[in-house]
$ cat input-v2.pdb   # PDB, C-alpha atoms, pLDDT in the B column
ATOM      1  CA  ASP A  28      -1.096 -42.862-114.032  1.00 83.00           C
ATOM      2  CA  GLY A  29      -0.160 -43.519-117.693  1.00 85.00           C
ATOM      3  CA  ARG A  30       0.971 -47.069-117.006  1.00 92.00           C
ATOM      4  CA  TRP A  31      -0.524 -50.385-117.960  1.00 96.00           C
ATOM      5  CA  TYR A  32      -1.298 -53.186-115.541  1.00 97.00           C
ATOM      6  CA  LEU A  33      -0.802 -56.670-116.933  1.00 97.00           C
ATOM      7  CA  LEU A  34      -2.141 -59.917-115.601  1.00 97.00           C
ATOM      8  CA  THR A  35      -0.849 -63.207-116.950  1.00 96.00           C
ATOM      9  CA  TYR A  36      -2.040 -66.676-116.075  1.00 95.00           C
ATOM     10  CA  ALA A  37      -1.348 -70.293-116.931  1.00 92.00           C
ATOM     11  CA  LEU A  38      -4.196 -72.616-116.014  1.00 91.00           C
ATOM     12  CA  ASN A  39      -4.292 -76.350-116.709  1.00 86.00           C
ATOM     13  CA  ASP A  40      -6.861 -77.697-119.152  1.00 84.00           C
ATOM     14  CA  ASN A  41      -8.814 -79.255-116.296  1.00 86.00           C
ATOM     15  CA  LEU A  42      -9.500 -75.719-114.973  1.00 89.00           C
ATOM     16  CA  GLU A  43     -11.569 -74.568-117.973  1.00 89.00           C
ATOM     17  CA  GLY A  44     -14.455 -73.464-115.717  1.00 93.00           C
ATOM     18  CA  VAL A  45     -12.089 -71.455-113.543  1.00 94.00           C
ATOM     19  CA  ARG A  46     -10.515 -69.908-116.640  1.00 94.00           C
ATOM     20  CA  HIS A  47     -13.956 -68.850-117.876  1.00 94.00           C
ATOM     21  CA  ALA A  48     -14.845 -67.371-114.462  1.00 96.00           C
ATOM     22  CA  LEU A  49     -11.536 -65.469-114.356  1.00 96.00           C
ATOM     23  CA  ARG A  50     -12.013 -64.044-117.860  1.00 95.00           C
ATOM     24  CA  LYS A  51     -15.543 -62.933-117.027  1.00 94.00           C
ATOM     25  CA  ARG A  52     -14.430 -61.171-113.858  1.00 95.00           C
ATOM     26  CA  LEU A  53     -11.467 -59.543-115.596  1.00 96.00           C
ATOM     27  CA  THR A  54     -13.839 -58.148-118.203  1.00 94.00           C
ATOM     28  CA  TRP A  55     -16.102 -56.770-115.457  1.00 92.00           C
ATOM     29  CA  LEU A  56     -13.066 -55.054-113.924  1.00 94.00           C
ATOM     30  CA  GLY A  57     -12.335 -53.375-117.259  1.00 94.00           C
ATOM     31  CA  PHE A  58      -9.409 -55.535-118.364  1.00 97.00           C
ATOM     32  CA  GLY A  59      -8.864 -56.126-122.070  1.00 97.00           C
ATOM     33  CA  ARG A  60      -7.457 -59.288-123.600  1.00 96.00           C
ATOM     34  CA  LEU A  61      -3.979 -58.719-125.031  1.00 96.00           C
ATOM     35  CA  SER A  62      -3.378 -62.413-125.793  1.00 94.00           C
ATOM     36  CA  SER A  63      -4.752 -65.758-124.655  1.00 90.00           C
ATOM     37  CA  GLY A  64      -3.272 -65.618-121.145  1.00 93.00           C
ATOM     38  CA  THR A  65      -2.484 -61.904-120.855  1.00 97.00           C
ATOM     39  CA  TRP A  66      -4.935 -59.160-119.921  1.00 97.00           C
ATOM     40  CA  ILE A  67      -4.309 -55.426-119.479  1.00 97.00           C
ATOM     41  CA  SER A  68      -5.893 -52.460-117.748  1.00 96.00           C
ATOM     42  CA  PRO A  69      -5.003 -48.770-117.548  1.00 95.00           C
ATOM     43  CA  ARG A  70      -5.990 -48.896-113.852  1.00 95.00           C
ATOM     44  CA  ASP A  71      -4.436 -50.715-110.927  1.00 96.00           C
ATOM     45  CA  ARG A  72      -6.943 -53.333-109.793  1.00 95.00           C
ATOM     46  CA  HIS A  73      -4.679 -55.081-107.274  1.00 95.00           C
ATOM     47  CA  ASP A  74      -7.194 -55.157-104.408  1.00 95.00           C
ATOM     48  CA  GLU A  75     -10.061 -56.474-106.540  1.00 96.00           C
ATOM     49  CA  LEU A  76      -7.773 -59.033-108.178  1.00 96.00           C
ATOM     50  CA  HIS A  77      -6.568 -60.282-104.814  1.00 95.00           C
ATOM     51  CA  GLU A  78     -10.168 -61.054-103.828  1.00 96.00           C
ATOM     52  CA  ILE A  79     -10.978 -62.732-107.153  1.00 96.00           C
ATOM     53  CA  LEU A  80      -7.836 -64.875-107.185  1.00 96.00           C
ATOM     54  CA  ALA A  81      -8.420 -65.955-103.599  1.00 96.00           C
ATOM     55  CA  ALA A  82     -12.064 -66.817-104.331  1.00 96.00           C
ATOM     56  CA  LEU A  83     -10.997 -68.909-107.345  1.00 96.00           C
ATOM     57  CA  ASN A  84      -7.981 -70.305-105.444  1.00 94.00           C
ATOM     58  CA  ILE A  85      -5.570 -69.570-108.297  1.00 95.00           C
ATOM     59  CA  GLN A  86      -3.135 -67.080-106.732  1.00 93.00           C
ATOM     60  CA  HIS A  87      -0.254 -69.430-107.616  1.00 93.00           C
ATOM     61  CA  CYS A  88      -1.195 -69.408-111.332  1.00 94.00           C
ATOM     62  CA  VAL A  89      -1.312 -65.642-111.856  1.00 95.00           C
ATOM     63  CA  ASP A  90       1.284 -62.875-112.152  1.00 96.00           C
ATOM     64  CA  TYR A  91       0.475 -59.155-112.062  1.00 96.00           C
ATOM     65  CA  PHE A  92       2.748 -56.431-113.455  1.00 96.00           C
ATOM     66  CA  ARG A  93       2.877 -52.646-113.821  1.00 96.00           C
ATOM     67  CA  ALA A  94       4.394 -51.695-117.180  1.00 94.00           C
ATOM     68  CA  ASP A  95       5.135 -48.884-119.603  1.00 92.00           C
ATOM     69  CA  TYR A  96       4.100 -49.250-123.234  1.00 91.00           C
ATOM     70  CA  ILE A  97       7.207 -48.414-125.276  1.00 90.00           C
ATOM     71  CA  SER A  98       6.090 -49.569-128.707  1.00 87.00           C
ATOM     72  CA  PRO A  99       6.209 -47.007-131.517  1.00 82.00           C
ATOM     73  CA  ALA A 100       2.420 -47.337-131.720  1.00 83.00           C
ATOM     74  CA  GLN A 101       0.174 -45.160-129.565  1.00 88.00           C
ATOM     75  CA  ASP A 102      -1.483 -46.352-126.363  1.00 91.00           C
ATOM     76  CA  SER A 103      -4.831 -45.755-128.080  1.00 91.00           C
ATOM     77  CA  SER A 104      -3.992 -48.308-130.789  1.00 92.00           C
ATOM     78  CA  LEU A 105      -3.170 -50.844-128.064  1.00 93.00           C
ATOM     79  CA  ALA A 106      -6.548 -50.124-126.472  1.00 95.00           C
ATOM     80  CA  GLN A 107      -8.328 -50.666-129.779  1.00 93.00           C
ATOM     81  CA  ARG A 108      -6.619 -54.068-130.109  1.00 94.00           C
ATOM     82  CA  CYS A 109      -7.621 -55.198-126.614  1.00 96.00           C
ATOM     83  CA  TRP A 110     -11.193 -53.903-126.481  1.00 96.00           C
ATOM     84  CA  ASP A 111     -13.868 -53.781-129.170  1.00 96.00           C
ATOM     85  CA  LEU A 112     -14.180 -50.015-128.876  1.00 96.00           C
ATOM     86  CA  ALA A 113     -15.611 -49.612-132.379  1.00 96.00           C
ATOM     87  CA  GLY A 114     -18.372 -52.126-131.672  1.00 97.00           C
ATOM     88  CA  LEU A 115     -19.132 -50.605-128.265  1.00 97.00           C
ATOM     89  CA  ASN A 116     -19.161 -47.124-129.778  1.00 98.00           C
ATOM     90  CA  GLY A 117     -21.633 -48.313-132.408  1.00 97.00           C
ATOM     91  CA  ARG A 118     -23.920 -49.763-129.722  1.00 98.00           C
ATOM     92  CA  TYR A 119     -23.764 -46.455-127.838  1.00 98.00           C
ATOM     93  CA  GLN A 120     -24.679 -44.625-131.041  1.00 98.00           C
ATOM     94  CA  GLN A 121     -27.660 -46.944-131.601  1.00 98.00           C
ATOM     95  CA  PHE A 122     -28.828 -46.305-128.027  1.00 98.00           C
ATOM     96  CA  ILE A 123     -28.615 -42.543-128.590  1.00 98.00           C
ATOM     97  CA  GLN A 124     -30.441 -42.738-131.921  1.00 98.00           C
ATOM     98  CA  LYS A 125     -33.210 -44.837-130.394  1.00 97.00           C
ATOM     99  CA  HIS A 126     -33.856 -42.678-127.323  1.00 97.00           C
ATOM    100  CA  LYS A 127     -32.768 -39.098-128.038  1.00 97.00           C
ATOM    101  CA  THR A 128     -35.760 -38.010-130.121  1.00 96.00           C
ATOM    102  CA  GLN A 129     -38.252 -39.458-127.633  1.00 95.00           C
ATOM    103  CA  PHE A 130     -36.379 -37.845-124.741  1.00 97.00           C
ATOM    104  CA  GLU A 131     -36.473 -34.446-126.451  1.00 96.00           C
ATOM    105  CA  HIS A 132     -40.178 -34.908-127.216  1.00 95.00           C
ATOM    106  CA  ASP A 133     -40.945 -35.856-123.602  1.00 95.00           C
ATOM    107  CA  CYS A 134     -38.933 -32.885-122.271  1.00 95.00           C
ATOM    108  CA  MET A 135     -40.874 -30.526-124.513  1.00 94.00           C
ATOM    109  CA  ALA A 136     -44.183 -32.078-123.505  1.00 91.00           C
ATOM    110  CA  GLU A 137     -43.246 -31.708-119.836  1.00 88.00           C
ATOM    111  CA  GLN A 138     -42.494 -27.994-120.353  1.00 88.00           C
ATOM    112  CA  GLU A 139     -45.803 -27.508-122.165  1.00 89.00           C
ATOM    113  CA  GLY A 140     -47.774 -29.174-119.372  1.00 84.00           C
ATOM    114  CA  GLN A 141     -48.485 -32.327-121.390  1.00 86.00           C
ATOM    115  CA  ALA A 142     -46.517 -34.648-119.169  1.00 82.00           C
ATOM    116  CA  LEU A 143     -46.467 -38.409-119.501  1.00 92.00           C
ATOM    117  CA  THR A 144     -48.845 -40.522-117.492  1.00 94.00           C
ATOM    118  CA  PRO A 145     -47.221 -42.526-114.677  1.00 96.00           C
ATOM    119  CA  GLU A 146     -47.890 -45.740-116.610  1.00 96.00           C
ATOM    120  CA  ALA A 147     -46.209 -44.404-119.758  1.00 96.00           C
ATOM    121  CA  ALA A 148     -43.252 -43.109-117.717  1.00 96.00           C
ATOM    122  CA  PHE A 149     -42.856 -46.525-116.090  1.00 97.00           C
ATOM    123  CA  ARG A 150     -42.939 -48.311-119.456  1.00 97.00           C
ATOM    124  CA  LEU A 151     -40.401 -45.933-121.009  1.00 97.00           C
ATOM    125  CA  ARG A 152     -38.086 -46.140-118.001  1.00 97.00           C
ATOM    126  CA  PHE A 153     -38.308 -49.934-117.973  1.00 97.00           C
ATOM    127  CA  TRP A 154     -37.104 -50.196-121.574  1.00 97.00           C
ATOM    128  CA  LEU A 155     -34.528 -47.433-121.140  1.00 97.00           C
ATOM    129  CA  VAL A 156     -32.928 -49.270-118.212  1.00 98.00           C
ATOM    130  CA  HIS A 157     -33.241 -52.627-119.948  1.00 97.00           C
ATOM    131  CA  GLU A 158     -31.399 -51.407-123.034  1.00 96.00           C
ATOM    132  CA  TYR A 159     -28.741 -49.493-121.098  1.00 97.00           C
ATOM    133  CA  ARG A 160     -27.973 -52.109-118.446  1.00 96.00           C
ATOM    134  CA  TYR A 161     -25.422 -54.030-120.524  1.00 93.00           C
ATOM    135  CA  PHE A 162     -23.111 -51.063-121.027  1.00 95.00           C
ATOM    136  CA  PRO A 163     -21.569 -51.088-117.535  1.00 92.00           C
ATOM    137  CA  PHE A 164     -20.547 -54.726-118.090  1.00 89.00           C
ATOM    138  CA  SER A 165     -18.980 -54.140-121.502  1.00 92.00           C
ATOM    139  CA  ASP A 166     -17.523 -50.624-121.235  1.00 95.00           C
ATOM    140  CA  PRO A 167     -14.040 -50.649-119.671  1.00 95.00           C
ATOM    141  CA  TYR A 168     -14.387 -46.892-118.942  1.00 95.00           C
ATOM    142  CA  LEU A 169     -10.973 -46.132-120.350  1.00 95.00           C
ATOM    143  CA  PRO A 170      -9.291 -42.767-119.868  1.00 94.00           C
ATOM    144  CA  HIS A 171     -10.245 -40.178-122.488  1.00 93.00           C
ATOM    145  CA  GLU A 172      -6.886 -40.335-124.268  1.00 92.00           C
ATOM    146  CA  LEU A 173      -7.396 -44.048-125.052  1.00 94.00           C
ATOM    147  CA  LEU A 174     -10.838 -43.626-126.621  1.00 95.00           C
ATOM    148  CA  PRO A 175     -11.679 -42.977-130.292  1.00 94.00           C
ATOM    149  CA  GLU A 176     -12.182 -39.304-131.163  1.00 93.00           C
ATOM    150  CA  ASP A 177     -15.888 -39.827-131.918  1.00 95.00           C
ATOM    151  CA  TRP A 178     -16.575 -41.697-128.651  1.00 97.00           C
ATOM    152  CA  GLN A 179     -20.325 -41.773-127.944  1.00 98.00           C
ATOM    153  CA  GLY A 180     -20.162 -43.319-124.470  1.00 97.00           C
ATOM    154  CA  HIS A 181     -20.276 -40.024-122.591  1.00 97.00           C
ATOM    155  CA  SER A 182     -23.250 -38.790-124.620  1.00 98.00           C
ATOM    156  CA  ALA A 183     -25.103 -42.071-124.053  1.00 98.00           C
ATOM    157  CA  ILE A 184     -24.461 -41.923-120.305  1.00 97.00           C
ATOM    158  CA  ASN A 185     -25.691 -38.327-120.148  1.00 98.00           C
ATOM    159  CA  LEU A 186     -28.789 -39.185-122.181  1.00 98.00           C
ATOM    160  CA  PHE A 187     -29.548 -42.176-119.965  1.00 98.00           C
ATOM    161  CA  ARG A 188     -29.193 -40.179-116.755  1.00 98.00           C
ATOM    162  CA  SER A 189     -31.209 -37.216-118.008  1.00 98.00           C
ATOM    163  CA  TYR A 190     -34.020 -39.355-119.399  1.00 98.00           C
ATOM    164  CA  HIS A 191     -34.077 -41.557-116.309  1.00 98.00           C
ATOM    165  CA  ASP A 192     -34.316 -38.460-114.104  1.00 97.00           C
ATOM    166  CA  LEU A 193     -37.188 -37.116-116.207  1.00 96.00           C
ATOM    167  CA  LEU A 194     -39.126 -40.387-115.864  1.00 96.00           C
ATOM    168  CA  ARG A 195     -38.216 -41.322-112.292  1.00 96.00           C
ATOM    169  CA  ASP A 196     -40.906 -39.647-110.183  1.00 95.00           C
ATOM    170  CA  LYS A 197     -43.834 -40.598-112.406  1.00 95.00           C
ATOM    171  CA  ALA A 198     -42.542 -44.137-112.937  1.00 96.00           C
ATOM    172  CA  ASN A 199     -42.127 -44.558-109.186  1.00 97.00           C
ATOM    173  CA  ALA A 200     -45.628 -43.199-108.625  1.00 95.00           C
ATOM    174  CA  TYR A 201     -46.971 -45.872-110.976  1.00 96.00           C
ATOM    175  CA  VAL A 202     -45.159 -48.611-109.068  1.00 93.00           C
TER
END
$ encode --input "input-v2.pdb" --output "structure tokens"
Amino acid sequence: DGRWYLLTYALNDNLEGVRHALRKRLTWLGFGRLSSGTWISPRDRHDELHEILAALNIQHCVDYFRADYISPAQDSSLAQRCWDLAGLNGRYQQFIQKHKTQFEHDCMAEQEGQALTPEAAFRLRFWLVHEYRYFPFSDPYLPHELLPEDWQGHSAINLFRSYHDLLRDKANAYV
């Protein structure tokens, strides 16, 4: 909706474990760290936050706001400050570079009737999933207008899905 959602908290030093658990869950929800006790998201996560705060029993220590960003800087520059988009983009690029050529080779082989064995398909799918599985935990899935122009996340997701689909039936047959 073009607005930012801010969560602020003040937790006593004796709640370091709770603070760590909160930060981890905020990251999983796609929040970015604006400052030590302030996190932001371009999406309203009120319902999920309610459950997390209740589970951690810290509702009284947390405030949640909906805000407009009125700084002269762009929203995208705020996003780049709160999330390591350059680092994530680089990891997506590495994933693409590692798997794209093999995917194209395996697609061509499939079309030429030289398909992978079930064992090979299982092995390739295992490593593909293993290397991709961290992205959903680290990618905040920001709206397009907040991402760098050369964002590789969409290409990596498409490559993962396409390659996984190519390998699925034979890998499952091996299992």
$ closest_residue --input "input-v2.pdb" --among "A:His191, A:Arg150, A:Arg108, A:His171" --to "Cys134 in chain A" --atoms "all atoms listed in the file"
A:His191
$ resolve_selection --input "input-v2.pdb" --expression "the PyMOL selection byres ((chain A and resi 177-179) around 10)" --output "VMD selection string"
chain A and resid 112 to 113 115 to 123 171 174 to 176 180 to 184
$ residues_near_point --input "input-v2.pdb" --point "(-2.8, -49.4, -114.6)" --cutoff "9 Å" --atoms "all atoms listed in the file" --output "PyMOL selection string"
chain A and resi 28-33+67-72+93-94
$ write_last_selection --input "input-v2.pdb" --atoms "C-alpha atoms" --output "compact mmCIF listing (two decimals), in the coordinates of the input"
# COMPACT_ATOMS: atom_id res chain seq x y z
CA ASP A 28 -1.10 -42.86 -114.03
CA GLY A 29 -0.16 -43.52 -117.69
CA ARG A 30 0.97 -47.07 -117.01
CA TRP A 31 -0.52 -50.38 -117.96
CA TYR A 32 -1.30 -53.19 -115.54
CA LEU A 33 -0.80 -56.67 -116.93
CA ILE A 67 -4.31 -55.43 -119.48
CA SER A 68 -5.89 -52.46 -117.75
CA PRO A 69 -5.00 -48.77 -117.55
CA ARG A 70 -5.99 -48.90 -113.85
CA ASP A 71 -4.44 -50.72 -110.93
CA ARG A 72 -6.94 -53.33 -109.79
CA ARG A 93 2.88 -52.65 -113.82
CA ALA A 94 4.39 -51.70 -117.18
$ resolve_selection --input "input-v2.pdb" --expression "the PyMOL selection byres ((chain A and resi 164) around 9)" --output "PyMOL selection string"
chain A and resi 54-57+160-163+165-167
$ closest_residue --input "input-v2.pdb" --among "A:Tyr91, A:Cys109, A:His73, A:Asn84" --to "Leu42 in chain A" --atoms "only C-alpha atoms"
A:Asn84
$ closest_residue --input "input-v2.pdb" --among "A:Leu83, A:Ala148, A:Val202, A:Leu155" --to "Arg188 in chain A" --atoms "all atoms listed in the file"
A:Leu155
$ closest_residue --input "input-v2.pdb" --among "A:Asp74, A:Asp95, A:Asp196, A:Glu172" --to "Glu146 in chain A" --atoms "only C-alpha atoms"
A:Asp196
$ resolve_selection --input "input-v2.pdb" --expression "the PyMOL selection byres ((chain A and resi 79) around 12)" --output "number ranges by chain"
A: 45-46, 48-53, 55-56, 72-78, 80-86, 89
$ write_last_selection --input "input-v2.pdb" --atoms "C-alpha atoms" --output "CSV table (one decimal), in the coordinates of the input"
chain,number,residue,atom,x,y,z
A,45,VAL,CA,-12.1,-71.5,-113.5
A,46,ARG,CA,-10.5,-69.9,-116.6
A,48,ALA,CA,-14.8,-67.4,-114.5
A,49,LEU,CA,-11.5,-65.5,-114.4
A,50,ARG,CA,-12.0,-64.0,-117.9
A,51,LYS,CA,-15.5,-62.9,-117.0
A,52,ARG,CA,-14.4,-61.2,-113.9
A,53,LEU,CA,-11.5,-59.5,-115.6
A,55,TRP,CA,-16.1,-56.8,-115.5
A,56,LEU,CA,-13.1,-55.1,-113.9
A,72,ARG,CA,-6.9,-53.3,-109.8
A,73,HIS,CA,-4.7,-55.1,-107.3
A,74,ASP,CA,-7.2,-55.2,-104.4
A,75,GLU,CA,-10.1,-56.5,-106.5
A,76,LEU,CA,-7.8,-59.0,-108.2
A,77,HIS,CA,-6.6,-60.3,-104.8
A,78,GLU,CA,-10.2,-61.1,-103.8
A,80,LEU,CA,-7.8,-64.9,-107.2
A,81,ALA,CA,-8.4,-66.0,-103.6
A,82,ALA,CA,-12.1,-66.8,-104.3
A,83,LEU,CA,-11.0,-68.9,-107.3
A,84,ASN,CA,-8.0,-70.3,-105.4
A,85,ILE,CA,-5.6,-69.6,-108.3
A,86,GLN,CA,-3.1,-67.1,-106.7
A,89,VAL,CA,-1.3,-65.6,-111.9
$ decode --input "input-v2.pdb" --residues "range 152-174 of chain A" --atoms "N, CA, C and O atoms" --output "short mmCIF file (atom, residue, chain, number, x, y, z; two decimals), in the first residue's frame"
data_model
loop_
_atom_site.label_atom_id
_atom_site.label_comp_id
_atom_site.auth_asym_id
_atom_site.auth_seq_id
_atom_site.Cartn_x
_atom_site.Cartn_y
_atom_site.Cartn_z
N ARG A 152 18.79 -32.78 -7.83
CA ARG A 152 17.71 -32.10 -7.12
C ARG A 152 18.07 -31.88 -5.66
O ARG A 152 17.77 -30.83 -5.09
N PHE A 153 18.72 -32.86 -5.04
CA PHE A 153 19.14 -32.72 -3.66
C PHE A 153 20.00 -31.47 -3.47
O PHE A 153 19.74 -30.64 -2.60
N TRP A 154 21.01 -31.31 -4.30
CA TRP A 154 21.91 -30.16 -4.16
C TRP A 154 21.23 -28.85 -4.58
O TRP A 154 21.50 -27.80 -3.99
N LEU A 155 20.37 -28.92 -5.56
CA LEU A 155 19.62 -27.72 -5.97
C LEU A 155 18.79 -27.19 -4.80
O LEU A 155 18.83 -26.01 -4.46
N VAL A 156 18.04 -28.09 -4.17
CA VAL A 156 17.20 -27.69 -3.03
C VAL A 156 18.07 -27.24 -1.87
O VAL A 156 17.78 -26.22 -1.21
N HIS A 157 19.13 -27.97 -1.61
CA HIS A 157 20.03 -27.61 -0.50
C HIS A 157 20.58 -26.19 -0.67
O HIS A 157 20.61 -25.42 0.29
N GLU A 158 20.99 -25.85 -1.85
CA GLU A 158 21.59 -24.53 -2.08
C GLU A 158 20.56 -23.42 -2.17
O GLU A 158 20.87 -22.27 -1.90
N TYR A 159 19.33 -23.76 -2.52
CA TYR A 159 18.29 -22.73 -2.64
C TYR A 159 17.57 -22.48 -1.32
O TYR A 159 17.05 -21.40 -1.08
N ARG A 160 17.55 -23.45 -0.43
CA ARG A 160 16.68 -23.42 0.74
C ARG A 160 16.90 -22.25 1.68
O ARG A 160 16.01 -21.93 2.47
N TYR A 161 18.02 -21.59 1.64
CA TYR A 161 18.26 -20.46 2.53
C TYR A 161 17.62 -19.17 2.03
O TYR A 161 17.39 -18.25 2.81
N PHE A 162 17.36 -19.09 0.75
CA PHE A 162 16.80 -17.85 0.20
C PHE A 162 15.47 -17.44 0.83
O PHE A 162 15.28 -16.26 1.14
N PRO A 163 14.52 -18.35 1.01
CA PRO A 163 13.26 -17.91 1.61
C PRO A 163 13.40 -17.33 3.03
O PRO A 163 12.57 -16.55 3.47
N PHE A 164 14.47 -17.70 3.73
CA PHE A 164 14.69 -17.15 5.07
C PHE A 164 15.39 -15.79 5.04
O PHE A 164 15.30 -15.03 5.99
N SER A 165 16.10 -15.50 3.96
CA SER A 165 16.86 -14.25 3.92
C SER A 165 16.29 -13.21 2.97
O SER A 165 16.63 -12.03 3.08
N ASP A 166 15.43 -13.61 2.04
CA ASP A 166 14.84 -12.67 1.10
C ASP A 166 13.56 -12.09 1.70
O ASP A 166 12.64 -12.84 2.00
N PRO A 167 13.49 -10.77 1.87
CA PRO A 167 12.27 -10.18 2.42
C PRO A 167 11.13 -10.07 1.40
O PRO A 167 10.04 -9.65 1.74
N TYR A 168 11.40 -10.44 0.15
CA TYR A 168 10.40 -10.39 -0.93
C TYR A 168 9.74 -9.00 -0.97
O TYR A 168 8.53 -8.88 -0.85
N LEU A 169 10.59 -8.02 -1.15
CA LEU A 169 10.13 -6.64 -1.21
C LEU A 169 9.40 -6.37 -2.52
O LEU A 169 9.65 -7.04 -3.52
N PRO A 170 8.54 -5.37 -2.52
CA PRO A 170 7.90 -4.96 -3.78
C PRO A 170 8.95 -4.54 -4.80
O PRO A 170 10.03 -4.06 -4.44
N HIS A 171 8.62 -4.73 -6.05
CA HIS A 171 9.55 -4.45 -7.16
C HIS A 171 10.20 -3.07 -7.08
O HIS A 171 11.39 -2.92 -7.33
N GLU A 172 9.42 -2.07 -6.73
CA GLU A 172 9.96 -0.70 -6.72
C GLU A 172 11.01 -0.46 -5.63
O GLU A 172 11.72 0.54 -5.67
N LEU A 173 11.15 -1.37 -4.68
CA LEU A 173 12.16 -1.23 -3.63
C LEU A 173 13.45 -1.99 -3.94
O LEU A 173 14.43 -1.86 -3.23
N LEU A 174 13.44 -2.79 -4.99
CA LEU A 174 14.58 -3.64 -5.31
C LEU A 174 15.56 -2.94 -6.25
O LEU A 174 15.17 -2.05 -7.02
#
